[in-house]
Structures are given as structure tokens and as C-alpha cells.
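Asker: Got a file for you: target.cif, mmCIF, C-alpha atoms.
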data_input
#
loop_
_atom_site.label_atom_id
_atom_site.label_comp_id
_atom_site.auth_asym_id
_atom_site.auth_seq_id
_atom_site.Cartn_x
_atom_site.Cartn_y
_atom_site.Cartn_z
CA MET L 1 -16.11 16.40 22.14
CA ASN L 2 -19.70 17.57 21.78
CA VAL L 3 -22.09 17.42 24.73
CA GLY L 4 -24.08 14.22 24.81
CA MET L 5 -21.77 12.47 22.37
CA THR L 6 -20.68 8.95 23.30
CA THR L 7 -17.47 7.25 22.21
CA ASN L 8 -17.38 3.46 22.11
CA VAL L 9 -14.13 1.63 21.62
CA SER L 10 -13.64 -2.14 21.56
CA LEU L 11 -10.13 -3.54 21.42
CA VAL L 12 -8.58 -6.97 21.89
CA LEU L 13 -6.29 -7.31 24.91
CA ALA L 14 -3.72 -10.15 24.91
CA SER L 15 -5.85 -11.98 22.32
CA THR L 16 -8.19 -13.16 25.09
CA THR L 17 -9.85 -9.99 26.27
CA VAL L 18 -11.67 -7.05 24.84
CA LEU L 19 -11.55 -3.56 26.28
CA SER L 20 -14.71 -1.53 25.88
CA LEU L 21 -14.47 2.12 26.71
CA ASN L 22 -17.70 4.05 27.10
CA GLN L 23 -17.00 7.72 27.55
CA SER L 24 -19.79 10.28 27.79
CA SER L 25 -19.17 14.00 27.97
CA SER L 26 -22.68 14.78 29.17
CA ASN L 27 -21.57 14.31 32.79
CA GLU L 28 -18.44 14.21 34.87
CA ASP L 29 -18.48 10.45 35.50
CA HIS L 30 -16.67 7.99 33.28
CA SER L 31 -17.42 4.27 33.37
CA PHE L 32 -14.99 1.63 32.15
CA GLN L 33 -15.67 -2.04 31.82
CA LEU L 34 -13.33 -4.95 31.06
CA ILE L 35 -15.11 -7.74 29.21
CA ILE L 36 -13.51 -11.18 29.04
CA VAL L 37 -13.97 -13.00 25.76
CA ASP L 38 -13.20 -16.70 25.45
CA LEU L 39 -11.10 -17.31 22.37
CA GLY L 40 -9.87 -20.72 23.47
CA THR L 41 -11.72 -22.41 20.60
CA ALA L 42 -9.93 -20.24 18.03
CA VAL L 43 -6.64 -22.16 18.09
CA VAL L 44 -6.42 -22.50 14.33
CA PHE L 45 -7.07 -18.81 13.90
CA ARG L 46 -4.41 -17.91 16.48
CA VAL L 47 -1.76 -20.14 14.86
CA PHE L 48 -2.60 -18.87 11.37
CA ASN L 49 -2.56 -15.27 12.53
CA ILE L 50 0.74 -15.59 14.40
CA LEU L 51 2.42 -17.41 11.49
CA LEU L 52 1.46 -14.72 8.99
CA THR L 53 1.97 -11.62 11.12
CA THR L 54 5.21 -12.54 12.86
CA LEU L 55 6.98 -14.65 10.25
CA VAL L 56 5.79 -14.27 6.66
CA ILE L 57 5.25 -10.51 6.72
CA GLY L 58 8.52 -9.98 8.59
CA VAL L 59 10.59 -11.97 6.09
CA ILE L 60 8.99 -10.30 3.07
CA GLY L 61 9.38 -6.89 4.71
CA LEU L 62 13.11 -7.40 5.32
CA LEU L 63 13.67 -8.58 1.75
CA GLY L 64 11.63 -5.62 0.52
CA LEU L 65 13.78 -3.22 2.52
CA MET L 66 16.92 -4.47 0.82
CA SER L 67 15.37 -4.51 -2.65
CA ASN L 68 14.05 -0.97 -2.34
CA VAL L 69 17.41 0.33 -1.11
CA VAL L 70 18.95 -1.13 -4.28
CA THR L 71 16.17 0.36 -6.42
CA ILE L 72 16.57 3.81 -4.86
CA VAL L 73 20.36 3.77 -5.35
CA VAL L 74 20.08 2.78 -9.02
CA LEU L 75 17.16 5.03 -9.97
CA SER L 76 18.69 8.05 -8.23
CA ARG L 77 21.35 7.94 -10.98
CA GLN L 78 18.74 7.86 -13.76
CA VAL L 79 16.51 10.82 -12.92
CA ASN L 80 17.12 12.41 -16.32
CA GLU L 81 14.04 10.51 -17.55
CA SER L 82 10.60 11.59 -16.32
CA ILE L 83 9.18 8.14 -15.69
CA ASN L 84 12.24 7.13 -13.64
CA ILE L 85 11.48 10.03 -11.29
CA VAL L 86 8.06 8.55 -10.55
CA PHE L 87 9.62 5.10 -10.17
CA LEU L 88 12.03 6.61 -7.64
CA GLY L 89 9.13 8.12 -5.71
CA MET L 90 7.41 4.72 -5.69
CA ALA L 91 10.59 3.07 -4.41
CA ILE L 92 10.85 5.57 -1.54
CA SER L 93 7.19 5.03 -0.65
CA ASP L 94 7.63 1.24 -0.86
CA PHE L 95 10.70 1.50 1.37
CA CYS L 96 8.54 3.16 4.04
CA VAL L 97 5.89 0.46 3.61
CA ASN L 98 8.51 -2.24 4.21
CA ILE L 99 9.84 -0.49 7.32
CA LEU L 100 6.32 -0.45 8.75
CA SER L 101 5.80 -4.09 7.72
CA VAL L 102 8.82 -5.10 9.80
CA TRP L 103 7.59 -2.94 12.67
CA PHE L 104 4.16 -4.55 12.27
CA THR L 105 5.65 -7.96 13.07
CA VAL L 106 7.25 -6.50 16.22
CA THR L 107 3.98 -4.97 17.43
CA CYS L 108 2.10 -8.18 16.61
CA SER L 109 4.58 -10.08 18.80
CA ILE L 110 3.90 -7.59 21.59
CA ASN L 111 0.17 -8.04 21.08
CA GLU L 112 0.45 -11.83 21.31
CA SER L 113 2.82 -11.94 24.29
CA ASN L 114 1.22 -9.06 26.25
CA PRO L 115 4.41 -8.28 28.22
CA PRO L 116 3.97 -7.28 31.86
CA ASN L 117 4.22 -3.60 32.77
CA PHE L 118 3.76 -2.62 29.12
CA PRO L 119 2.11 0.83 29.36
CA PHE L 120 -0.02 0.48 26.21
CA GLU L 121 -2.92 -1.78 25.39
CA PRO L 122 -1.12 -4.00 22.83
CA LEU L 123 -3.64 -3.80 19.98
CA SER L 124 -3.97 -0.04 20.38
CA PHE L 125 -0.19 0.24 20.18
CA LEU L 126 -0.17 -1.92 17.03
CA VAL L 127 -2.86 0.12 15.28
CA MET L 128 -1.50 3.55 16.20
CA THR L 129 2.18 2.85 15.42
CA ALA L 130 2.06 0.28 12.60
CA VAL L 131 -1.33 -0.03 10.88
CA ILE L 132 -2.36 3.63 10.54
CA PRO L 133 1.08 4.88 9.36
CA LYS L 134 1.16 2.19 6.69
CA PHE L 135 -1.97 3.70 5.14
CA PHE L 136 0.06 6.85 4.42
CA PHE L 137 2.56 5.11 2.19
CA ILE L 138 0.35 2.34 0.77
CA ASN L 139 -1.95 4.98 -0.71
CA SER L 140 1.01 7.05 -1.84
CA THR L 141 2.32 4.00 -3.73
CA CYS L 142 -1.14 3.35 -5.18
CA TRP L 143 -1.48 6.83 -6.64
CA LEU L 144 2.11 6.98 -7.88
CA THR L 145 1.39 3.71 -9.68
CA ALA L 146 -1.67 5.36 -11.20
CA LEU L 147 0.52 8.30 -12.25
CA VAL L 148 2.97 5.93 -13.98
CA ALA L 149 0.09 4.22 -15.77
CA ILE L 150 -1.36 7.56 -16.91
CA MET L 151 2.00 8.83 -18.14
CA ARG L 152 2.71 5.68 -20.11
CA CYS L 153 -0.82 5.60 -21.48
CA LEU L 154 -0.45 9.18 -22.74
CA CYS L 155 2.90 8.23 -24.29
CA VAL L 156 1.27 5.67 -26.56
CA VAL L 157 -1.87 7.75 -27.23
CA LEU L 158 -0.25 11.20 -27.60
CA PRO L 159 3.43 10.41 -28.25
CA PHE L 160 4.35 13.88 -29.51
CA LYS L 161 2.82 15.85 -26.63
CA VAL L 162 3.67 13.85 -23.52
CA GLY L 163 7.31 14.97 -23.58
CA VAL L 164 6.18 18.58 -23.31
CA LEU L 165 3.62 17.86 -20.59
CA PHE L 166 5.86 15.70 -18.40
CA THR L 167 9.31 17.27 -18.33
CA PRO L 168 11.67 15.93 -15.63
CA ARG L 169 11.20 19.06 -13.53
CA ARG L 170 7.40 18.98 -13.74
CA THR L 171 7.34 15.26 -13.09
CA ALA L 172 9.51 15.67 -10.00
CA VAL L 173 7.17 18.35 -8.62
CA LEU L 174 4.09 16.25 -9.44
CA THR L 175 5.60 13.18 -7.77
CA ILE L 176 6.40 15.12 -4.59
CA VAL L 177 2.90 16.64 -4.54
CA VAL L 178 1.20 13.25 -4.94
CA PHE L 179 3.41 11.69 -2.26
CA ALA L 180 2.96 14.57 0.22
CA PHE L 181 -0.78 14.94 -0.41
CA PHE L 182 -1.70 11.35 0.35
CA VAL L 183 0.65 11.09 3.31
CA PHE L 184 -0.99 14.21 4.78
CA LEU L 185 -4.52 13.10 3.85
CA TYR L 186 -4.32 9.80 5.70
CA SER L 187 -2.25 11.21 8.56
CA THR L 188 -5.39 13.13 9.58
CA ALA L 189 -6.43 9.85 11.21
CA TYR L 190 -4.32 10.98 14.17
CA PHE L 191 -6.66 13.94 14.63
CA ARG L 192 -9.52 11.49 15.19
CA ASN L 193 -7.57 8.98 17.30
CA GLU L 194 -5.45 9.39 20.40
CA PHE L 195 -4.08 7.49 23.38
CA VAL L 196 -6.00 7.86 26.63
CA LEU L 197 -4.69 6.59 29.99
CA VAL L 198 -7.35 4.46 31.67
CA PHE L 199 -7.23 2.60 34.98
CA PHE L 200 -8.85 -0.85 35.00
CA PRO L 201 -9.47 -2.23 38.49
CA GLU L 202 -10.07 -5.71 37.02
CA ILE L 203 -6.37 -5.99 36.19
CA ASN L 204 -5.18 -3.34 38.68
CA ALA L 205 -3.31 -1.41 36.01
CA SER L 206 -3.50 1.75 33.96
CA LEU L 207 -3.13 1.36 30.20
CA TYR L 208 -2.98 3.77 27.28
CA ILE L 209 -5.69 2.73 24.86
CA MET L 210 -6.67 4.09 21.47
CA VAL L 211 -9.84 6.17 21.45
CA GLU L 212 -11.52 7.40 18.29
CA TYR L 213 -13.48 10.58 18.87
CA SER L 214 -16.53 10.95 16.71
CA LYS L 215 -17.04 14.20 14.82
CA GLY L 216 -20.64 13.33 14.09
CA ALA L 217 -22.23 10.57 12.05
CA VAL L 218 -22.30 12.57 8.82
CA ILE L 219 -18.64 13.63 9.03
CA ASP L 220 -17.47 10.18 10.14
CA ASP L 221 -19.31 8.45 7.28
CA THR L 222 -18.08 11.00 4.75
CA VAL L 223 -14.46 10.60 5.81
CA TYR L 224 -14.72 6.81 5.77
CA TYR L 225 -16.40 6.49 2.38
CA LEU L 226 -14.19 9.11 0.77
CA GLY L 227 -10.85 7.88 2.12
CA PHE L 228 -11.41 4.13 2.37
CA VAL L 229 -14.05 3.35 -0.26
CA ALA L 230 -14.27 5.94 -3.04
CA MET L 231 -10.59 6.82 -3.49
CA PRO L 232 -9.29 3.20 -3.58
CA MET L 233 -12.02 2.33 -6.08
CA VAL L 234 -11.16 5.31 -8.28
CA ASN L 235 -7.46 4.46 -8.07
CA MET L 236 -8.06 0.85 -9.12
CA PHE L 237 -10.36 1.97 -11.95
CA ILE L 238 -7.68 4.31 -13.33
CA VAL L 239 -4.93 1.69 -13.15
CA ILE L 240 -7.09 -1.02 -14.76
CA CYS L 241 -8.25 1.26 -17.60
CA CYS L 242 -4.72 2.47 -18.37
CA THR L 243 -3.37 -1.09 -18.23
CA LEU L 244 -6.02 -2.32 -20.67
CA ILE L 245 -5.19 0.50 -23.09
CA LEU L 246 -1.49 -0.31 -22.87
CA VAL L 247 -2.11 -4.02 -23.42
CA ILE L 248 -4.23 -3.28 -26.49
CA LYS L 249 -1.57 -0.92 -27.87
CA VAL L 250 1.23 -3.43 -27.24
CA LYS L 251 -0.69 -6.20 -29.02
CA ALA L 252 -1.50 -3.89 -31.94
CA SER L 253 2.15 -2.86 -32.19
CA VAL L 254 3.32 -6.47 -32.14
CA ASN L 255 0.81 -7.47 -34.83
CA TRP L 256 1.79 -4.54 -37.02
CA ARG L 257 5.49 -5.32 -36.65
CA ASN L 258 4.93 -8.98 -37.49
CA ILE L 259 2.97 -8.08 -40.63
CA ALA L 260 5.57 -5.51 -41.68
CA GLN L 261 8.45 -7.93 -41.18
CA SER L 262 6.73 -10.78 -43.00
CA GLY L 263 5.93 -8.51 -45.96
CA LYS L 264 9.46 -7.13 -46.25
CA SER L 265 11.51 -10.10 -45.17
CA PHE L 266 13.05 -10.40 -48.61
CA SER L 267 12.96 -6.75 -49.56
CA ILE L 268 16.18 -4.88 -50.30
CA GLU L 269 14.63 -1.66 -48.98
CA LYS L 270 14.46 -3.19 -45.53
CA LYS L 271 18.23 -2.90 -45.24
CA SER L 272 18.01 0.86 -45.59
CA VAL L 273 15.82 1.29 -42.49
CA PRO L 274 17.81 3.24 -39.85
CA VAL L 275 18.82 1.06 -36.92
CA THR L 276 18.25 3.88 -34.44
CA GLY L 277 14.57 4.03 -35.39
CA ARG L 278 14.09 0.34 -34.72
CA GLU L 279 15.96 0.64 -31.44
CA SER L 280 13.71 3.53 -30.38
CA VAL L 281 10.57 1.52 -31.13
CA THR L 282 11.97 -1.48 -29.28
CA LYS L 283 12.88 0.66 -26.28
CA GLU L 284 9.39 2.19 -26.10
CA GLY L 285 7.82 -1.25 -26.40
CA LYS L 286 9.96 -2.67 -23.60
CA LEU L 287 9.14 0.27 -21.34
CA THR L 288 5.43 -0.17 -22.03
CA LYS L 289 5.65 -3.89 -21.23
CA MET L 290 7.49 -3.10 -18.01
CA VAL L 291 4.81 -0.63 -16.94
CA VAL L 292 2.11 -3.20 -17.80
CA THR L 293 3.93 -5.73 -15.61
CA ILE L 294 4.16 -3.27 -12.71
CA THR L 295 0.49 -2.30 -12.94
CA SER L 296 -0.57 -5.96 -13.32
CA VAL L 297 1.27 -6.88 -10.13
CA PHE L 298 -0.35 -3.89 -8.45
CA ILE L 299 -3.84 -4.97 -9.57
CA ALA L 300 -3.29 -8.57 -8.43
CA CYS L 301 -2.02 -7.47 -4.99
CA ASN L 302 -4.56 -4.70 -4.34
CA MET L 303 -7.74 -6.08 -5.91
CA PRO L 304 -8.55 -8.18 -2.79
CA ASN L 305 -8.70 -4.95 -0.77
CA ASN L 306 -11.32 -3.55 -3.14
CA LEU L 307 -13.29 -6.80 -2.99
CA VAL L 308 -13.29 -6.64 0.82
CA ILE L 309 -14.53 -3.04 0.65
CA MET L 310 -17.47 -4.17 -1.49
CA ALA L 311 -18.12 -7.16 0.80
CA ARG L 312 -18.31 -4.88 3.84
CA SER L 313 -20.82 -2.69 2.02
CA PHE L 314 -23.14 -5.67 1.48
CA GLU L 315 -22.47 -7.51 4.76
CA PRO L 316 -22.08 -5.32 7.89
CA GLU L 317 -21.15 -8.39 9.97
CA PHE L 318 -18.04 -8.87 7.85
CA SER L 319 -15.80 -6.79 10.12
CA GLU L 320 -13.24 -7.09 12.90
CA ARG L 321 -16.04 -7.13 15.50
CA GLY L 322 -18.81 -8.84 13.51
CA LYS L 323 -20.03 -12.38 13.04
CA TYR L 324 -17.30 -13.18 10.52
CA GLN L 325 -14.47 -11.54 12.45
CA PHE L 326 -12.02 -14.46 12.21
CA ILE L 327 -12.40 -14.71 8.42
CA PHE L 328 -12.16 -10.93 8.18
CA ILE L 329 -8.91 -10.79 10.17
CA MET L 330 -7.31 -13.69 8.29
CA ILE L 331 -8.19 -12.14 4.94
CA HIS L 332 -6.66 -8.86 6.10
CA ASP L 333 -3.48 -10.71 7.08
CA VAL L 334 -3.27 -12.09 3.53
CA MET L 335 -4.02 -8.64 2.12
CA TYR L 336 -1.23 -7.20 4.26
CA ILE L 337 1.15 -9.78 2.79
CA LEU L 338 0.06 -8.95 -0.77
CA GLU L 339 0.57 -5.22 -0.15
CA THR L 340 4.04 -5.93 1.21
CA VAL L 341 4.84 -8.13 -1.80
CA ASN L 342 3.72 -5.34 -4.16
CA SER L 343 6.15 -3.01 -2.39
CA SER L 344 9.02 -5.51 -2.59
CA VAL L 345 9.23 -6.96 -6.10
CA SER L 346 9.86 -3.85 -8.22
CA VAL L 347 13.64 -4.42 -8.28
CA LEU L 348 13.09 -7.81 -9.96
CA ILE L 349 10.87 -6.24 -12.61
CA PHE L 350 13.30 -3.40 -13.28
CA TYR L 351 16.32 -5.71 -13.46
CA ASN L 352 14.70 -8.17 -15.87
CA MET L 353 12.86 -5.69 -18.09
CA SER L 354 15.01 -2.55 -18.16
CA SER L 355 18.41 -2.78 -19.84
CA LYS L 356 19.48 0.62 -18.45
CA PHE L 357 18.55 -0.38 -14.91
CA LYS L 358 20.34 -3.71 -15.31
CA SER L 359 23.55 -2.16 -16.64
CA GLU L 360 23.56 0.49 -13.89
CA PHE L 361 22.88 -2.18 -11.28
CA ASN L 362 25.76 -4.31 -12.57
CA ARG L 363 28.05 -1.29 -12.58
CA ILE L 364 27.22 -0.28 -8.99
CA PHE L 365 26.89 -3.77 -7.50
CA HIS L 366 29.47 -5.50 -9.69
CA PHE L 367 30.64 -7.53 -6.69
CA LEU L 368 27.23 -9.28 -6.64
CA THR L 369 27.24 -10.28 -10.30
#
Rewrite the structure from the file as C-alpha cells, please.
Answerer:
Amino acid sequence: MNVGMTTNVSLVLASTTVLSLNQSSSNEDHSFQLIIVDLGTAVVFRVFNILLTTLVIGVIGLLGLMSNVVTIVVLSRQVNESINIVFLGMAISDFCVNILSVWFTVTCSINESNPPNFPFEPLSFLVMTAVIPKFFFINSTCWLTALVAIMRCLCVVLPFKVGVLFTPRRTAVLTIVVFAFFVFLYSTAYFRNEFVLVFFPEINASLYIMVEYSKGAVIDDTVYYLGFVAMPMVNMFIVICCTLILVIKVKASVNWRNIAQSGKSFSIEKKSVPVTGRESVTKEGKLTKMVVTITSVFIACNMPNNLVIMARSFEPEFSERGKYQFIFIMIHDVMYILETVNSSVSVLIFYNMSSKFKSEFNRIFHFLT
């Protein structure tokens, strides 16, 4: 830490207290203060928060774990197609998201109960072991979704070149690179945060609390706006643009097919059209519709996060410590649920919209059908 630099940390303790750590490296003395905050009037907020974090998210996370295990098993047998490789990478990333969602409910229970002799400040433990790690895989899923959208968009725009660009081997390497890059990028948060053991005479106990060490205002702001503002916005922009292009292409294809069929419904030449050609067109159309469904679910579940980012830019008090902290926290609980839902429903989309996935699923899990 640089000389003269001050680190300020404010954390909720047992939902009724806030720890404020003021640490200055300009001298040898360290001062710690425990501030009691009355949250007795926030009963509705507490009930709402507990219900979402310890029940809803936990149930969705457990269901998501099972669904992603099924998805991984089925897709691992279909990696001969490039897009299935990316879908497999998404399923693995979503599986990690669901694990952390279940763990999130455990750490939230610890935060609410504040068990005696627990060595960590509960909220610090929640953030460091559940919230921060989830960023790794949420962003990995986001960019793998963008990769799927780009690949499918190129398939309908440049159908004769995409097969050369995205071979199964290249797609596998690209998927691993995207996954590893974003996991590493957001894991750097642990270089800025760490647990520090602090003794608080007010409660006569030493607790490990999370401390974020500043690297300077310019660096801190750059890291925040790049990682948590710019990149999510760019990701959403890419997915929305690709989805719109796919929707337009699907509608154009449907209109063209309807016109062609109506004009040749009584034509003898229609009987001479190869069946394989029609099946190929139908297969491509179904795959495009499936990708549109996946990206649409992604947009619906992740758009609130982008709206909150914009709201924070216009209203500084809209934060976990600001004037609108209760609204902010409740909205983030709902956002957490939506992110978990996005990481849990892919198996339903694959099963209902992919005949190959459905047949492979029925073959492997025949005892369930």
C-alpha cells in the first residue's frame, strides 16, 4: 500500500451492524471502529431478502445443477459439430454458476444467523467465497453466449465460409480461450481484496474481514468501468445485434418458403425436389430458432444488470451503502435469481428444439422417458 493511502471498508455484520475499517499506512497506528446501525424498521426488507437468498435461489440452483449435468453428458457425445462445442462450454460454465448459487444460499444463511465463534465477518465471507467467484463464470457464460450468437449470425450471412472459419478443433480452442480468459480476468479481484484479522473490543473478538486495497483512483476507476460497465454493455450490444439479425433472417426465410410453397403447391416439378435439401434447410432453420431462443432468454435475464449499471451512473446514491440501499439490494437479489435461471434452463431449450439432443437424451436416460 502506498504511503498516505487510506482504505475504507464498510460491511454489514449480522444484518444489524456495520464494520468500518480505516487503515492508514502513513503511521504505525491502526484505528478500528464498530458502528451499530439500527435496521429494526427494515423487517419487510429482511424477510424479502431471506426468502430470495436462502430459498428461491437455492431451489433454482439445485435444479440447475441437475439440468446442466444432463446437458454436459448429452453434449459431450455430440462434439462433432462446432456449435455444440460452444454449447458444452456454456453448460460447464453454467454448472459452476449453479454450484456457487447453492453455496450463496449457505453463506447467506451464515450471514443472517451470525453463528458464534465464526472466525469470519459473515458478509465478507459471503462476498469472498460466493459473490466474487460467481463473476468468473457469469461473464464466461455471457461471452460464450455472444460467441454462439456470432457463429450463428455468420452462418446465415456467410453460409459457405463459416464452416471453414469455425472447424470443431478451432471452435474448441476458441471456447477454452474465452472461458479461461474471463475466469482469469475477473479472478484478479482477489489481488485487490483479501482477508485481514482485526480485533474489535466492542464485541471482544477477532474477525477476518474483507479489505479492498486501493491502487489509486485512476486505476480503480479504470478497472471498475472496464470490467463492470464497458464489457457487460459491449457483450449485451453484440448479443442483441446478432439476435436481431437472426430474427430478420428467420422471418425472411419463412416468408420466402411460404411464397414458394403457395406458388408451387400444384406443380409437378415440386415432387422432384430432393428431400435431403429440404431437410437441410429445415435443420438450419430449427438451429437458428434455438439460438434465438437461447439469446432471447439471455437478454431477458441479463438486461436488468445493464439497467442497474446505467442507474448507478446517473444516481450515485443507488448503491449498497447509499440512500436507496434497500431497493438496490432487493433488485440485486432478483438479478441473482435471473442469472441463475439463465444458467439453468438450457436443457429445456435443447430438449424441445433440438431433435438430435432429444434423441440422445432419450437414448441415455431412457429410464426417465
Asker: Give as number ranges by chain the residues that the PyMOL selection byres ((chain L and resi 341) around 9) matches when applied to the coordinates above.
Answerer: L: 57, 60-61, 64, 301, 336-340, 342-345
Asker: Could the residues in this selection be written to a file with C-alpha atoms, as a compact mmCIF listing (two decimals), keeping the file's coordinate frame?
Answerer:
# COMPACT_ATOMS: atom_id res chain seq x y z
CA ILE L 57 5.25 -10.51 6.72
CA ILE L 60 8.99 -10.30 3.07
CA GLY L 61 9.38 -6.89 4.71
CA GLY L 64 11.63 -5.62 0.52
CA CYS L 301 -2.02 -7.47 -4.99
CA TYR L 336 -1.23 -7.20 4.26
CA ILE L 337 1.15 -9.78 2.79
CA LEU L 338 0.06 -8.95 -0.77
CA GLU L 339 0.57 -5.22 -0.15
CA THR L 340 4.04 -5.93 1.21
CA ASN L 342 3.72 -5.34 -4.16
CA SER L 343 6.15 -3.01 -2.39
CA SER L 344 9.02 -5.51 -2.59
CA VAL L 345 9.23 -6.96 -6.10
Asker: Using atom CA of L:Met233 and atom CA of L:Met310 as the two end points, give the distance in Å to one decimal.
Answerer: 9.6 Å
Asker: Between L:Ala252, L:Val162, L:Ala189, L:Val148, which is the closest to L:Val131 once you count all atoms listed in the file?
Answerer: L:Ala189
Asker: Can you tell me how far atom CA of L:Ser346 sits from atom CA of L:Phe95, in Å to one decimal?
Answerer: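 About the pair atom CA of L:Ser346 and atom CA of L:Phe95: they are 11.0 Å apart.
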Asker: In Å, rounded to a single decimal, give me how far atom CA of L:Phe137 is from atom CA of L:Thr188.
Answerer: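 That distance, rounded to one decimal, is 13.5 Å.
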Asker: Any idea what's packed within 12 Å of L:Met290, counting all atoms listed in the file, ignoring anything in its chain fewer than 6 positions away? Could you give it as a ChimeraX atom specification?
Answerer: /L:83,87,148-149,152,243,246-247,250,283-284,296-297,346-355,357
Asker: At a cut-off of 7 Å, using all atoms listed in the file, what residues contact stretch 204-221 of chain L? Leave out same-chain residues fewer than 2 positions from it and give the result as a count of residues only.
Answerer: 20
Asker: Nearest residue to L:Phe104 out of L:Asp333, L:Glu360, L:Glu81, L:Glu317, using only C-alpha atoms?
Answerer: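 Of all the options, L:Asp333 lies closest to L:Phe104.
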Asker: Run the PyMOL selection byres ((chain L and resi 72) around 9) mentally over the shown coordinates, then write out the matched residues as a PyMOL selection string, using the chain letters and numbers from the document.
Answerer: chain L and resi 67-71+73-77+87-89+91-92+95
Asker: Could you name the residues that touch L:Ser140 at 8 Å or less, counting all atoms listed in the file, but leaving out those on the same chain fewer than 5 positions away, as an mmCIF file with C-alpha atoms, in the coordinates of the input?
Answerer:
data_model
loop_
_atom_site.group_PDB
_atom_site.id
_atom_site.type_symbol
_atom_site.label_atom_id
_atom_site.label_comp_id
_atom_site.auth_asym_id
_atom_site.auth_seq_id
_atom_site.Cartn_x
_atom_site.Cartn_y
_atom_site.Cartn_z
ATOM 1 C CA MET L 90 7.410 4.720 -5.690
ATOM 2 C CA SER L 93 7.190 5.030 -0.650
ATOM 3 C CA VAL L 178 1.200 13.250 -4.940
ATOM 4 C CA PHE L 179 3.410 11.690 -2.260
ATOM 5 C CA PHE L 182 -1.700 11.350 0.350
ATOM 6 C CA VAL L 183 0.650 11.090 3.310
#
Asker: Around (-10.7, 7.1, -7.3) in the file's own coordinates, what residues are found within 12 Å if you use all atoms listed in the file, given back as a list in words?
Answerer: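 It turns out the residues near that spot are Asn139, Cys142, Trp143, Ala146, Tyr225, Leu226, Gly227, Phe228, Val229, Ala230, Met231, Pro232, Met233, Val234, Asn235, Met236, Phe237, Ile238, Val239, Ile240 and Asn306 of chain L.
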Asker: With distances taken over all atoms listed in the file, which of L:Asn255, L:Leu100, L:Val173, L:Ile150 is nearest to L:Leu62?
Answerer: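 Of all the options, L:Leu100 lies closest to L:Leu62.
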Asker: Exactly which residues make up the result of the PyMOL selection byres ((chain L and resi 53) around 9) on this file, given as a PDB file with C-alpha atoms, in the coordinates of the input?
Answerer:
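Contents of expr.pdb, freshly written:
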ATOM      1  CA  PHE L  48      -2.600 -18.870  11.370  1.00  0.00           C
ATOM      2  CA  ASN L  49      -2.560 -15.270  12.530  1.00  0.00           C
ATOM      3  CA  ILE L  50       0.740 -15.590  14.400  1.00  0.00           C
ATOM      4  CA  LEU L  51       2.420 -17.410  11.490  1.00  0.00           C
ATOM      5  CA  LEU L  52       1.460 -14.720   8.990  1.00  0.00           C
ATOM      6  CA  THR L  54       5.210 -12.540  12.860  1.00  0.00           C
ATOM      7  CA  LEU L  55       6.980 -14.650  10.250  1.00  0.00           C
ATOM      8  CA  VAL L  56       5.790 -14.270   6.660  1.00  0.00           C
ATOM      9  CA  ILE L  57       5.250 -10.510   6.720  1.00  0.00           C
ATOM     10  CA  GLY L  58       8.520  -9.980   8.590  1.00  0.00           C
ATOM     11  CA  PHE L 104       4.160  -4.550  12.270  1.00  0.00           C
ATOM     12  CA  THR L 105       5.650  -7.960  13.070  1.00  0.00           C
ATOM     13  CA  VAL L 106       7.250  -6.500  16.220  1.00  0.00           C
ATOM     14  CA  CYS L 108       2.100  -8.180  16.610  1.00  0.00           C
ATOM     15  CA  SER L 109       4.580 -10.080  18.800  1.00  0.00           C
ATOM     16  CA  ASP L 333      -3.480 -10.710   7.080  1.00  0.00           C
ATOM     17  CA  TYR L 336      -1.230  -7.200   4.260  1.00  0.00           C
ATOM     18  CA  ILE L 337       1.150  -9.780   2.790  1.00  0.00           C
TER      19      ILE L 337
END
Asker: Nearest to L:Ala172 among L:Ile327, L:Val86, L:Ile138, L:Met66, with distances taken over only C-alpha atoms: which residue is it?
Answerer: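 Among the listed residues, L:Val86 lies closest to L:Ala172.
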Asker: Would you fill the gaps in stretch 130-134 of chain L so it has all heavy atoms, then print it as a short mmCIF file (atom, residue, chain, number, x, y, z; two decimals), keeping the file's coordinate frame?
Answerer:
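Output saved as part-v3.cif:
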data_model
loop_
_atom_site.label_atom_id
_atom_site.label_comp_id
_atom_site.auth_asym_id
_atom_site.auth_seq_id
_atom_site.Cartn_x
_atom_site.Cartn_y
_atom_site.Cartn_z
N ALA L 130 1.70 1.11 13.75
CA ALA L 130 2.06 0.28 12.60
C ALA L 130 0.99 0.28 11.50
O ALA L 130 1.31 0.44 10.33
CB ALA L 130 2.34 -1.15 13.04
N VAL L 131 -0.27 0.11 11.89
CA VAL L 131 -1.33 -0.03 10.88
C VAL L 131 -1.68 1.31 10.25
O VAL L 131 -1.69 1.45 9.02
CB VAL L 131 -2.59 -0.66 11.51
CG1 VAL L 131 -3.73 -0.70 10.49
CG2 VAL L 131 -2.28 -2.08 12.00
N ILE L 132 -1.97 2.32 11.08
CA ILE L 132 -2.36 3.63 10.54
C ILE L 132 -1.24 4.26 9.71
O ILE L 132 -1.50 4.73 8.60
CB ILE L 132 -2.81 4.56 11.68
CG1 ILE L 132 -4.13 4.06 12.28
CG2 ILE L 132 -2.98 6.00 11.17
CD1 ILE L 132 -4.65 4.91 13.42
N PRO L 133 0.02 4.28 10.20
CA PRO L 133 1.08 4.88 9.36
C PRO L 133 1.25 4.19 8.02
O PRO L 133 1.63 4.84 7.04
CB PRO L 133 2.34 4.73 10.23
CG PRO L 133 1.85 4.62 11.61
CD PRO L 133 0.54 3.88 11.51
N LYS L 134 0.98 2.89 7.95
CA LYS L 134 1.16 2.19 6.69
C LYS L 134 0.18 2.69 5.63
O LYS L 134 0.48 2.69 4.44
CB LYS L 134 1.00 0.69 6.88
CG LYS L 134 1.48 -0.11 5.66
CD LYS L 134 1.33 -1.59 5.86
CE LYS L 134 1.81 -2.33 4.61
NZ LYS L 134 1.61 -3.79 4.70
#
